[in-house]
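Asker: Sharing a structure, written as structure tokens. Questions coming.
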Amino acid sequence: MQLRYPLAPLTLSLLFAGPAVAAGLGVNIEIPRLSVSEYHRPYVAAWIERPDNTVATTLAVWYDVRTRANNPEGEGTKWLKDLRQWWRRTGRELSVPIDGVTGATKPAGRHALAFTEGSKPLGQLAPGSYRLVVEAAREVGGREVVTVPFQWPPAKAEQAGAAGKEELGEIKLDLKP
């Protein structure tokens, strides 16, 4: 007996198999509307940190890219060191701009970021305890750091969050297995 379509069962099983889904991480950063006489959009850095305070990955850095474009000496990047905690831990070692990580400062409001395991900038995190750290610094303003602890990989869909007091509003972390 000869099989006429030997790959048919394999093809059917692939057709009905569900897609392989990687773990995901969603970050929502709120920049509050401040009632001040001279308002400047804040520089913001968001990164994932290990328990020993080393940086696992930088997720986002928002700075004044327009100044950089108008001034070849990198005037916009000059103020990144005001994000002191991020700068000391990893910022000074990086060469900005970084594709998919750096971008323009954001206005007041809620800003959503989504990351998938295995894709840049999240990459492959080893299982364990981590902290999402968000830091904001504003010219003629203050500086604030908010941390949200989490476990990776998540066993089930989870949400965690924390709130800033002045320069940052609510920081939400959505974990997807």
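Naming works like this for the structure tokens: A, B, ... for the chains as they're shown, residue 1 at the start of each chain, ligands 1 onward in shown order.
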Using DSSP on the backbone coordinates, identify the residues of region 17-149 of chain A assigned to strand (DSSP E or B); present them as an mmCIF file with all heavy atoms, in the first residue's frame.
Answerer:
```cif
data_model
loop_
_atom_site.group_PDB
_atom_site.id
_atom_site.type_symbol
_atom_site.label_atom_id
_atom_site.label_comp_id
_atom_site.auth_asym_id
_atom_site.auth_seq_id
_atom_site.Cartn_x
_atom_site.Cartn_y
_atom_site.Cartn_z
ATOM 1 N N GLY A 24 5.140 38.708 27.473
ATOM 2 C CA GLY A 24 5.148 40.125 27.128
ATOM 3 C C GLY A 24 5.135 41.010 28.356
ATOM 4 O O GLY A 24 4.809 40.583 29.459
ATOM 5 N N LEU A 25 5.510 42.241 28.120
ATOM 6 C CA LEU A 25 5.591 43.225 29.188
ATOM 7 C C LEU A 25 5.045 44.544 28.639
ATOM 8 O O LEU A 25 5.498 45.012 27.600
ATOM 9 C CB LEU A 25 7.070 43.366 29.565
ATOM 10 C CG LEU A 25 7.428 44.197 30.759
ATOM 11 C CD1 LEU A 25 8.325 43.355 31.658
ATOM 12 C CD2 LEU A 25 8.211 45.400 30.315
ATOM 13 N N GLY A 26 4.039 45.076 29.298
ATOM 14 C CA GLY A 26 3.483 46.369 28.911
ATOM 15 C C GLY A 26 3.796 47.385 29.992
ATOM 16 O O GLY A 26 3.681 47.097 31.187
ATOM 17 N N VAL A 27 4.226 48.565 29.587
ATOM 18 C CA VAL A 27 4.568 49.622 30.536
ATOM 19 C C VAL A 27 3.741 50.852 30.192
ATOM 20 O O VAL A 27 3.706 51.276 29.039
ATOM 21 C CB VAL A 27 6.071 49.969 30.464
ATOM 22 C CG1 VAL A 27 6.412 51.109 31.415
ATOM 23 C CG2 VAL A 27 6.924 48.748 30.764
ATOM 24 N N ASN A 28 3.047 51.390 31.172
ATOM 25 C CA ASN A 28 2.290 52.633 31.010
ATOM 26 C C ASN A 28 2.910 53.683 31.913
ATOM 27 O O ASN A 28 3.003 53.481 33.125
ATOM 28 C CB ASN A 28 0.822 52.427 31.373
ATOM 29 C CG ASN A 28 0.114 51.578 30.345
ATOM 30 O OD1 ASN A 28 -0.084 52.019 29.226
ATOM 31 N ND2 ASN A 28 -0.221 50.354 30.714
ATOM 32 N N ILE A 29 3.321 54.788 31.301
ATOM 33 C CA ILE A 29 3.966 55.870 32.037
ATOM 34 C C ILE A 29 3.086 57.105 31.936
ATOM 35 O O ILE A 29 2.752 57.526 30.829
ATOM 36 C CB ILE A 29 5.364 56.171 31.459
ATOM 37 C CG1 ILE A 29 6.252 54.925 31.563
ATOM 38 C CG2 ILE A 29 6.004 57.368 32.164
ATOM 39 C CD1 ILE A 29 7.586 55.054 30.836
ATOM 40 N N GLU A 30 2.733 57.646 33.076
ATOM 41 C CA GLU A 30 1.936 58.870 33.089
ATOM 42 C C GLU A 30 2.834 60.059 33.419
ATOM 43 O O GLU A 30 3.556 60.052 34.412
ATOM 44 C CB GLU A 30 0.815 58.780 34.123
ATOM 45 C CG GLU A 30 -0.050 60.023 34.141
ATOM 46 C CD GLU A 30 -1.129 59.989 35.209
ATOM 47 O OE1 GLU A 30 -1.006 59.186 36.159
ATOM 48 O OE2 GLU A 30 -2.077 60.763 35.095
ATOM 49 N N ILE A 31 2.771 61.057 32.565
ATOM 50 C CA ILE A 31 3.458 62.328 32.829
ATOM 51 C C ILE A 31 2.361 63.314 33.224
ATOM 52 O O ILE A 31 1.478 63.619 32.418
ATOM 53 C CB ILE A 31 4.224 62.811 31.581
ATOM 54 C CG1 ILE A 31 5.305 61.795 31.214
ATOM 55 C CG2 ILE A 31 4.824 64.196 31.824
ATOM 56 C CD1 ILE A 31 6.028 62.081 29.924
ATOM 57 N N TYR A 43 12.765 64.702 30.552
ATOM 58 C CA TYR A 43 13.533 63.601 29.996
ATOM 59 C C TYR A 43 13.116 62.398 30.839
ATOM 60 O O TYR A 43 12.975 62.501 32.064
ATOM 61 C CB TYR A 43 15.027 63.834 30.154
ATOM 62 C CG TYR A 43 15.648 64.751 29.121
ATOM 63 C CD1 TYR A 43 14.952 65.790 28.530
ATOM 64 C CD2 TYR A 43 16.961 64.559 28.741
ATOM 65 C CE1 TYR A 43 15.541 66.614 27.586
ATOM 66 C CE2 TYR A 43 17.565 65.376 27.796
ATOM 67 C CZ TYR A 43 16.849 66.403 27.222
ATOM 68 O OH TYR A 43 17.439 67.213 26.290
ATOM 69 N N VAL A 44 12.919 61.248 30.200
ATOM 70 C CA VAL A 44 12.461 60.051 30.916
ATOM 71 C C VAL A 44 13.290 58.856 30.461
ATOM 72 O O VAL A 44 13.570 58.710 29.273
ATOM 73 C CB VAL A 44 10.957 59.780 30.646
ATOM 74 C CG1 VAL A 44 10.511 58.474 31.285
ATOM 75 C CG2 VAL A 44 10.098 60.939 31.134
ATOM 76 N N ALA A 45 13.668 58.017 31.421
ATOM 77 C CA ALA A 45 14.332 56.744 31.109
ATOM 78 C C ALA A 45 13.570 55.634 31.832
ATOM 79 O O ALA A 45 13.154 55.804 32.980
ATOM 80 C CB ALA A 45 15.788 56.758 31.562
ATOM 81 N N ALA A 46 13.363 54.512 31.148
ATOM 82 C CA ALA A 46 12.712 53.340 31.747
ATOM 83 C C ALA A 46 13.613 52.142 31.475
ATOM 84 O O ALA A 46 14.052 51.937 30.340
ATOM 85 C CB ALA A 46 11.331 53.120 31.141
ATOM 86 N N TRP A 47 13.908 51.391 32.520
ATOM 87 C CA TRP A 47 14.787 50.233 32.364
ATOM 88 C C TRP A 47 14.400 49.147 33.344
ATOM 89 O O TRP A 47 13.633 49.358 34.274
ATOM 90 C CB TRP A 47 16.251 50.629 32.524
ATOM 91 C CG TRP A 47 16.696 51.036 33.894
ATOM 92 C CD1 TRP A 47 17.271 50.254 34.846
ATOM 93 C CD2 TRP A 47 16.613 52.355 34.473
ATOM 94 N NE1 TRP A 47 17.558 50.988 35.963
ATOM 95 C CE2 TRP A 47 17.168 52.286 35.763
ATOM 96 C CE3 TRP A 47 16.128 53.580 34.038
ATOM 97 C CZ2 TRP A 47 17.236 53.382 36.621
ATOM 98 C CZ3 TRP A 47 16.192 54.677 34.877
ATOM 99 C CH2 TRP A 47 16.747 54.571 36.147
ATOM 100 N N ILE A 48 14.964 47.954 33.099
ATOM 101 C CA ILE A 48 14.752 46.804 33.991
ATOM 102 C C ILE A 48 16.057 46.561 34.717
ATOM 103 O O ILE A 48 17.124 46.502 34.110
ATOM 104 C CB ILE A 48 14.309 45.559 33.208
ATOM 105 C CG1 ILE A 48 12.938 45.831 32.585
ATOM 106 C CG2 ILE A 48 14.265 44.340 34.120
ATOM 107 C CD1 ILE A 48 12.423 44.715 31.717
ATOM 108 N N GLU A 49 15.926 46.402 36.031
ATOM 109 C CA GLU A 49 17.091 46.287 36.907
ATOM 110 C C GLU A 49 17.026 44.979 37.696
ATOM 111 O O GLU A 49 15.960 44.554 38.125
ATOM 112 C CB GLU A 49 17.024 47.486 37.852
ATOM 113 C CG GLU A 49 18.239 47.784 38.626
ATOM 114 C CD GLU A 49 18.072 49.125 39.334
ATOM 115 O OE1 GLU A 49 17.422 49.170 40.391
ATOM 116 O OE2 GLU A 49 18.599 50.112 38.819
ATOM 117 N N VAL A 55 21.788 46.875 35.465
ATOM 118 C CA VAL A 55 20.744 47.044 34.457
ATOM 119 C C VAL A 55 20.675 45.820 33.555
ATOM 120 O O VAL A 55 21.683 45.418 32.959
ATOM 121 C CB VAL A 55 20.999 48.320 33.631
ATOM 122 C CG1 VAL A 55 20.002 48.448 32.496
ATOM 123 C CG2 VAL A 55 20.944 49.544 34.530
ATOM 124 N N ALA A 56 19.490 45.230 33.462
ATOM 125 C CA ALA A 56 19.270 44.103 32.553
ATOM 126 C C ALA A 56 19.053 44.622 31.139
ATOM 127 O O ALA A 56 19.597 44.076 30.181
ATOM 128 C CB ALA A 56 18.079 43.265 33.008
ATOM 129 N N THR A 57 18.268 45.692 30.997
ATOM 130 C CA THR A 57 18.034 46.299 29.693
ATOM 131 C C THR A 57 17.396 47.674 29.850
ATOM 132 O O THR A 57 16.660 47.913 30.801
ATOM 133 C CB THR A 57 17.145 45.402 28.799
ATOM 134 O OG1 THR A 57 17.097 45.947 27.489
ATOM 135 C CG2 THR A 57 15.745 45.266 29.342
ATOM 136 N N THR A 58 17.701 48.555 28.921
ATOM 137 C CA THR A 58 17.045 49.855 28.863
ATOM 138 C C THR A 58 15.879 49.729 27.892
ATOM 139 O O THR A 58 16.060 49.298 26.755
ATOM 140 C CB THR A 58 18.023 50.951 28.378
ATOM 141 O OG1 THR A 58 19.084 51.074 29.326
ATOM 142 C CG2 THR A 58 17.325 52.291 28.237
ATOM 143 N N LEU A 59 14.688 50.095 28.343
ATOM 144 C CA LEU A 59 13.490 49.970 27.515
ATOM 145 C C LEU A 59 13.195 51.231 26.710
ATOM 146 O O LEU A 59 12.771 51.151 25.558
ATOM 147 C CB LEU A 59 12.280 49.645 28.396
ATOM 148 C CG LEU A 59 12.355 48.343 29.185
ATOM 149 C CD1 LEU A 59 11.166 48.223 30.120
ATOM 150 C CD2 LEU A 59 12.426 47.151 28.243
ATOM 151 N N ALA A 60 13.375 52.402 27.333
ATOM 152 C CA ALA A 60 13.041 53.659 26.640
ATOM 153 C C ALA A 60 13.833 54.811 27.241
ATOM 154 O O ALA A 60 14.082 54.836 28.450
ATOM 155 C CB ALA A 60 11.550 53.947 26.756
ATOM 156 N N VAL A 61 14.216 55.753 26.390
ATOM 157 C CA VAL A 61 14.836 57.003 26.819
ATOM 158 C C VAL A 61 14.234 58.104 25.954
ATOM 159 O O VAL A 61 14.352 58.054 24.722
ATOM 160 C CB VAL A 61 16.377 56.985 26.648
ATOM 161 C CG1 VAL A 61 16.966 58.326 27.071
ATOM 162 C CG2 VAL A 61 16.995 55.859 27.453
ATOM 163 N N TRP A 62 13.566 59.046 26.600
ATOM 164 C CA TRP A 62 12.947 60.160 25.885
ATOM 165 C C TRP A 62 13.723 61.430 26.203
ATOM 166 O O TRP A 62 13.874 61.792 27.361
ATOM 167 C CB TRP A 62 11.498 60.337 26.308
ATOM 168 C CG TRP A 62 10.643 59.119 26.088
ATOM 169 C CD1 TRP A 62 10.834 58.118 25.169
ATOM 170 C CD2 TRP A 62 9.458 58.758 26.800
ATOM 171 N NE1 TRP A 62 9.844 57.170 25.277
ATOM 172 C CE2 TRP A 62 8.981 57.541 26.268
ATOM 173 C CE3 TRP A 62 8.750 59.339 27.832
ATOM 174 C CZ2 TRP A 62 7.833 56.917 26.720
ATOM 175 C CZ3 TRP A 62 7.605 58.725 28.294
ATOM 176 C CH2 TRP A 62 7.155 57.514 27.739
ATOM 177 N N TYR A 63 14.206 62.092 25.166
ATOM 178 C CA TYR A 63 14.979 63.320 25.362
ATOM 179 C C TYR A 63 14.689 64.285 24.219
ATOM 180 O O TYR A 63 13.949 63.960 23.289
ATOM 181 C CB TYR A 63 16.474 63.007 25.480
ATOM 182 C CG TYR A 63 17.118 62.488 24.221
ATOM 183 C CD1 TYR A 63 17.880 63.333 23.414
ATOM 184 C CD2 TYR A 63 16.985 61.166 23.835
ATOM 185 C CE1 TYR A 63 18.476 62.865 22.255
ATOM 186 C CE2 TYR A 63 17.584 60.691 22.689
ATOM 187 C CZ TYR A 63 18.325 61.540 21.901
ATOM 188 O OH TYR A 63 18.914 61.080 20.754
ATOM 189 N N THR A 102 15.381 55.044 22.041
ATOM 190 C CA THR A 102 15.340 56.485 22.261
ATOM 191 C C THR A 102 14.270 57.133 21.391
ATOM 192 O O THR A 102 13.917 56.633 20.326
ATOM 193 C CB THR A 102 16.701 57.136 21.958
ATOM 194 O OG1 THR A 102 17.091 56.806 20.627
ATOM 195 C CG2 THR A 102 17.761 56.668 22.936
ATOM 196 N N GLY A 103 13.776 58.261 21.891
ATOM 197 C CA GLY A 103 12.767 58.995 21.153
ATOM 198 C C GLY A 103 12.587 60.376 21.757
ATOM 199 O O GLY A 103 13.246 60.742 22.735
ATOM 200 N N ALA A 104 11.688 61.126 21.183
ATOM 201 C CA ALA A 104 11.431 62.490 21.628
ATOM 202 C C ALA A 104 10.711 62.518 22.967
ATOM 203 O O ALA A 104 10.012 61.572 23.332
ATOM 204 C CB ALA A 104 10.588 63.207 20.579
ATOM 205 N N GLY A 109 0.361 63.290 29.882
ATOM 206 C CA GLY A 109 -0.602 62.262 29.497
ATOM 207 C C GLY A 109 -0.065 60.878 29.798
ATOM 208 O O GLY A 109 0.980 60.717 30.425
ATOM 209 N N ARG A 110 -0.793 59.868 29.339
ATOM 210 C CA ARG A 110 -0.405 58.469 29.539
ATOM 211 C C ARG A 110 0.223 57.946 28.253
ATOM 212 O O ARG A 110 -0.310 58.160 27.174
ATOM 213 C CB ARG A 110 -1.615 57.633 29.913
ATOM 214 C CG ARG A 110 -2.215 58.035 31.234
ATOM 215 C CD ARG A 110 -3.490 57.235 31.513
ATOM 216 N NE ARG A 110 -4.186 57.791 32.649
ATOM 217 C CZ ARG A 110 -4.038 57.364 33.890
ATOM 218 N NH1 ARG A 110 -3.225 56.362 34.144
ATOM 219 N NH2 ARG A 110 -4.705 57.929 34.879
ATOM 220 N N HIS A 111 1.326 57.238 28.418
ATOM 221 C CA HIS A 111 2.065 56.724 27.271
ATOM 222 C C HIS A 111 2.294 55.227 27.471
ATOM 223 O O HIS A 111 2.841 54.812 28.494
ATOM 224 C CB HIS A 111 3.385 57.473 27.109
ATOM 225 C CG HIS A 111 3.181 58.949 27.019
ATOM 226 N ND1 HIS A 111 2.804 59.568 25.853
ATOM 227 C CD2 HIS A 111 3.239 59.925 27.961
ATOM 228 C CE1 HIS A 111 2.657 60.864 26.076
ATOM 229 N NE2 HIS A 111 2.916 61.104 27.344
ATOM 230 N N ALA A 112 1.864 54.434 26.489
ATOM 231 C CA ALA A 112 1.942 52.974 26.582
ATOM 232 C C ALA A 112 3.088 52.444 25.736
ATOM 233 O O ALA A 112 3.285 52.862 24.601
ATOM 234 C CB ALA A 112 0.628 52.351 26.136
ATOM 235 N N LEU A 113 3.831 51.518 26.316
ATOM 236 C CA LEU A 113 4.922 50.823 25.632
ATOM 237 C C LEU A 113 4.655 49.332 25.741
ATOM 238 O O LEU A 113 4.186 48.857 26.779
ATOM 239 C CB LEU A 113 6.263 51.144 26.290
ATOM 240 C CG LEU A 113 6.635 52.623 26.422
ATOM 241 C CD1 LEU A 113 7.822 52.790 27.344
ATOM 242 C CD2 LEU A 113 6.950 53.172 25.050
ATOM 243 N N ALA A 114 4.969 48.572 24.701
ATOM 244 C CA ALA A 114 4.768 47.122 24.729
ATOM 245 C C ALA A 114 6.043 46.434 24.255
ATOM 246 O O ALA A 114 6.668 46.858 23.280
ATOM 247 C CB ALA A 114 3.591 46.737 23.838
ATOM 248 N N PHE A 115 6.400 45.360 24.963
ATOM 249 C CA PHE A 115 7.621 44.626 24.656
ATOM 250 C C PHE A 115 7.311 43.129 24.658
ATOM 251 O O PHE A 115 6.528 42.655 25.466
ATOM 252 C CB PHE A 115 8.706 44.922 25.691
ATOM 253 C CG PHE A 115 8.971 46.400 25.844
ATOM 254 C CD1 PHE A 115 8.385 47.108 26.872
ATOM 255 C CD2 PHE A 115 9.784 47.062 24.945
ATOM 256 C CE1 PHE A 115 8.603 48.465 27.016
ATOM 257 C CE2 PHE A 115 10.012 48.422 25.077
ATOM 258 C CZ PHE A 115 9.426 49.127 26.113
ATOM 259 N N THR A 116 7.972 42.391 23.767
ATOM 260 C CA THR A 116 7.788 40.948 23.669
ATOM 261 C C THR A 116 9.113 40.268 23.948
ATOM 262 O O THR A 116 10.151 40.692 23.428
ATOM 263 C CB THR A 116 7.292 40.563 22.258
ATOM 264 O OG1 THR A 116 6.101 41.282 21.976
ATOM 265 C CG2 THR A 116 7.014 39.076 22.160
ATOM 266 N N GLY A 128 13.696 35.211 37.316
ATOM 267 C CA GLY A 128 14.124 35.801 38.580
ATOM 268 C C GLY A 128 13.367 37.063 38.942
ATOM 269 O O GLY A 128 12.363 37.409 38.330
ATOM 270 N N SER A 129 13.879 37.736 39.954
ATOM 271 C CA SER A 129 13.284 38.974 40.447
ATOM 272 C C SER A 129 13.901 40.169 39.728
ATOM 273 O O SER A 129 15.118 40.215 39.534
ATOM 274 C CB SER A 129 13.547 39.129 41.949
ATOM 275 O OG SER A 129 12.917 38.096 42.653
ATOM 276 N N TYR A 130 13.056 41.124 39.387
ATOM 277 C CA TYR A 130 13.502 42.336 38.701
ATOM 278 C C TYR A 130 12.721 43.529 39.230
ATOM 279 O O TYR A 130 11.737 43.370 39.959
ATOM 280 C CB TYR A 130 13.273 42.221 37.183
ATOM 281 C CG TYR A 130 14.143 41.201 36.515
ATOM 282 C CD1 TYR A 130 13.687 39.897 36.316
ATOM 283 C CD2 TYR A 130 15.421 41.517 36.081
ATOM 284 C CE1 TYR A 130 14.491 38.947 35.704
ATOM 285 C CE2 TYR A 130 16.230 40.580 35.466
ATOM 286 C CZ TYR A 130 15.755 39.294 35.278
ATOM 287 O OH TYR A 130 16.557 38.373 34.677
ATOM 288 N N ARG A 131 13.158 44.706 38.803
ATOM 289 C CA ARG A 131 12.436 45.949 39.077
ATOM 290 C C ARG A 131 12.347 46.737 37.785
ATOM 291 O O ARG A 131 13.344 46.877 37.073
ATOM 292 C CB ARG A 131 13.194 46.820 40.091
ATOM 293 C CG ARG A 131 13.136 46.353 41.512
ATOM 294 C CD ARG A 131 13.785 47.355 42.450
ATOM 295 N NE ARG A 131 15.192 47.581 42.156
ATOM 296 C CZ ARG A 131 16.197 46.951 42.736
ATOM 297 N NH1 ARG A 131 15.959 46.034 43.650
ATOM 298 N NH2 ARG A 131 17.447 47.221 42.424
ATOM 299 N N LEU A 132 11.154 47.250 37.509
ATOM 300 C CA LEU A 132 11.016 48.243 36.457
ATOM 301 C C LEU A 132 11.338 49.570 37.124
ATOM 302 O O LEU A 132 10.795 49.878 38.188
ATOM 303 C CB LEU A 132 9.590 48.274 35.912
ATOM 304 C CG LEU A 132 9.261 49.484 35.020
ATOM 305 C CD1 LEU A 132 10.023 49.404 33.706
ATOM 306 C CD2 LEU A 132 7.774 49.582 34.781
ATOM 307 N N VAL A 133 12.230 50.342 36.535
ATOM 308 C CA VAL A 133 12.603 51.639 37.095
ATOM 309 C C VAL A 133 12.300 52.702 36.045
ATOM 310 O O VAL A 133 12.680 52.555 34.886
ATOM 311 C CB VAL A 133 14.106 51.689 37.475
ATOM 312 C CG1 VAL A 133 14.438 53.004 38.154
ATOM 313 C CG2 VAL A 133 14.485 50.516 38.361
ATOM 314 N N VAL A 134 11.594 53.741 36.458
ATOM 315 C CA VAL A 134 11.292 54.870 35.580
ATOM 316 C C VAL A 134 11.800 56.122 36.272
ATOM 317 O O VAL A 134 11.470 56.372 37.441
ATOM 318 C CB VAL A 134 9.782 54.980 35.281
ATOM 319 C CG1 VAL A 134 9.502 56.175 34.369
ATOM 320 C CG2 VAL A 134 9.260 53.689 34.658
ATOM 321 N N GLU A 135 12.619 56.885 35.560
ATOM 322 C CA GLU A 135 13.186 58.112 36.113
ATOM 323 C C GLU A 135 12.833 59.274 35.198
ATOM 324 O O GLU A 135 12.886 59.148 33.979
ATOM 325 C CB GLU A 135 14.702 57.980 36.219
ATOM 326 C CG GLU A 135 15.380 59.200 36.809
ATOM 327 C CD GLU A 135 16.884 59.017 36.999
ATOM 328 O OE1 GLU A 135 17.470 58.109 36.380
ATOM 329 O OE2 GLU A 135 17.462 59.790 37.767
ATOM 330 N N ALA A 136 12.473 60.403 35.794
ATOM 331 C CA ALA A 136 12.152 61.607 35.029
ATOM 332 C C ALA A 136 12.904 62.789 35.628
ATOM 333 O O ALA A 136 13.033 62.908 36.847
ATOM 334 C CB ALA A 136 10.652 61.880 35.053
ATOM 335 N N ALA A 137 13.396 63.666 34.748
ATOM 336 C CA ALA A 137 14.066 64.894 35.178
ATOM 337 C C ALA A 137 13.604 65.997 34.229
ATOM 338 O O ALA A 137 13.501 65.779 33.021
ATOM 339 C CB ALA A 137 15.579 64.740 35.118
ATOM 340 N N ARG A 143 13.256 66.017 39.841
ATOM 341 C CA ARG A 143 13.708 64.708 39.386
ATOM 342 C C ARG A 143 13.009 63.681 40.248
ATOM 343 O O ARG A 143 12.841 63.902 41.453
ATOM 344 C CB ARG A 143 15.227 64.615 39.552
ATOM 345 C CG ARG A 143 15.825 63.362 39.024
ATOM 346 C CD ARG A 143 17.348 63.365 39.302
ATOM 347 N NE ARG A 143 17.767 62.023 39.522
ATOM 348 C CZ ARG A 143 17.696 61.361 40.663
ATOM 349 N NH1 ARG A 143 17.252 61.944 41.733
ATOM 350 N NH2 ARG A 143 18.078 60.109 40.743
ATOM 351 N N GLU A 144 12.589 62.574 39.643
ATOM 352 C CA GLU A 144 11.875 61.560 40.407
ATOM 353 C C GLU A 144 12.143 60.178 39.830
ATOM 354 O O GLU A 144 12.284 60.019 38.618
ATOM 355 C CB GLU A 144 10.378 61.861 40.370
ATOM 356 C CG GLU A 144 9.555 60.990 41.275
ATOM 357 C CD GLU A 144 8.149 61.525 41.468
ATOM 358 O OE1 GLU A 144 7.613 62.192 40.568
ATOM 359 O OE2 GLU A 144 7.590 61.255 42.532
ATOM 360 N N VAL A 145 12.207 59.186 40.730
ATOM 361 C CA VAL A 145 12.420 57.795 40.345
ATOM 362 C C VAL A 145 11.311 56.951 40.967
ATOM 363 O O VAL A 145 11.024 57.078 42.152
ATOM 364 C CB VAL A 145 13.798 57.274 40.840
ATOM 365 C CG1 VAL A 145 13.985 55.809 40.475
ATOM 366 C CG2 VAL A 145 14.927 58.114 40.274
ATOM 367 N N VAL A 146 10.689 56.102 40.146
ATOM 368 C CA VAL A 146 9.634 55.200 40.623
ATOM 369 C C VAL A 146 10.045 53.781 40.249
ATOM 370 O O VAL A 146 10.485 53.539 39.113
ATOM 371 C CB VAL A 146 8.269 55.544 39.984
ATOM 372 C CG1 VAL A 146 7.211 54.531 40.370
ATOM 373 C CG2 VAL A 146 7.834 56.952 40.381
ATOM 374 N N THR A 147 9.925 52.840 41.189
ATOM 375 C CA THR A 147 10.271 51.439 40.916
ATOM 376 C C THR A 147 9.055 50.538 41.127
ATOM 377 O O THR A 147 8.223 50.793 42.005
ATOM 378 C CB THR A 147 11.424 50.946 41.821
ATOM 379 O OG1 THR A 147 11.017 51.035 43.175
ATOM 380 C CG2 THR A 147 12.675 51.766 41.605
ATOM 381 N N VAL A 148 8.988 49.487 40.310
ATOM 382 C CA VAL A 148 7.909 48.496 40.404
ATOM 383 C C VAL A 148 8.559 47.116 40.368
ATOM 384 O O VAL A 148 9.099 46.709 39.328
ATOM 385 C CB VAL A 148 6.903 48.633 39.240
ATOM 386 C CG1 VAL A 148 5.798 47.594 39.366
ATOM 387 C CG2 VAL A 148 6.328 50.036 39.162
ATOM 388 N N PRO A 149 8.559 46.372 41.482
ATOM 389 C CA PRO A 149 9.157 45.027 41.486
ATOM 390 C C PRO A 149 8.258 44.016 40.765
ATOM 391 O O PRO A 149 7.032 44.150 40.770
ATOM 392 C CB PRO A 149 9.273 44.694 42.976
ATOM 393 C CG PRO A 149 8.303 45.581 43.658
ATOM 394 C CD PRO A 149 8.066 46.765 42.788
#
```
Asker: Got a sec: who's within 9 Å of Gln159 (chain A), counting only C-alpha atoms, leaving out chain neighbours fewer than 5 positions off, as a list of chain:residue names?
Answerer: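 Near Gln159 (chain A), the qualifying residues are A:Lys172, A:Leu173, A:Asp174, A:Leu175, A:Lys176.
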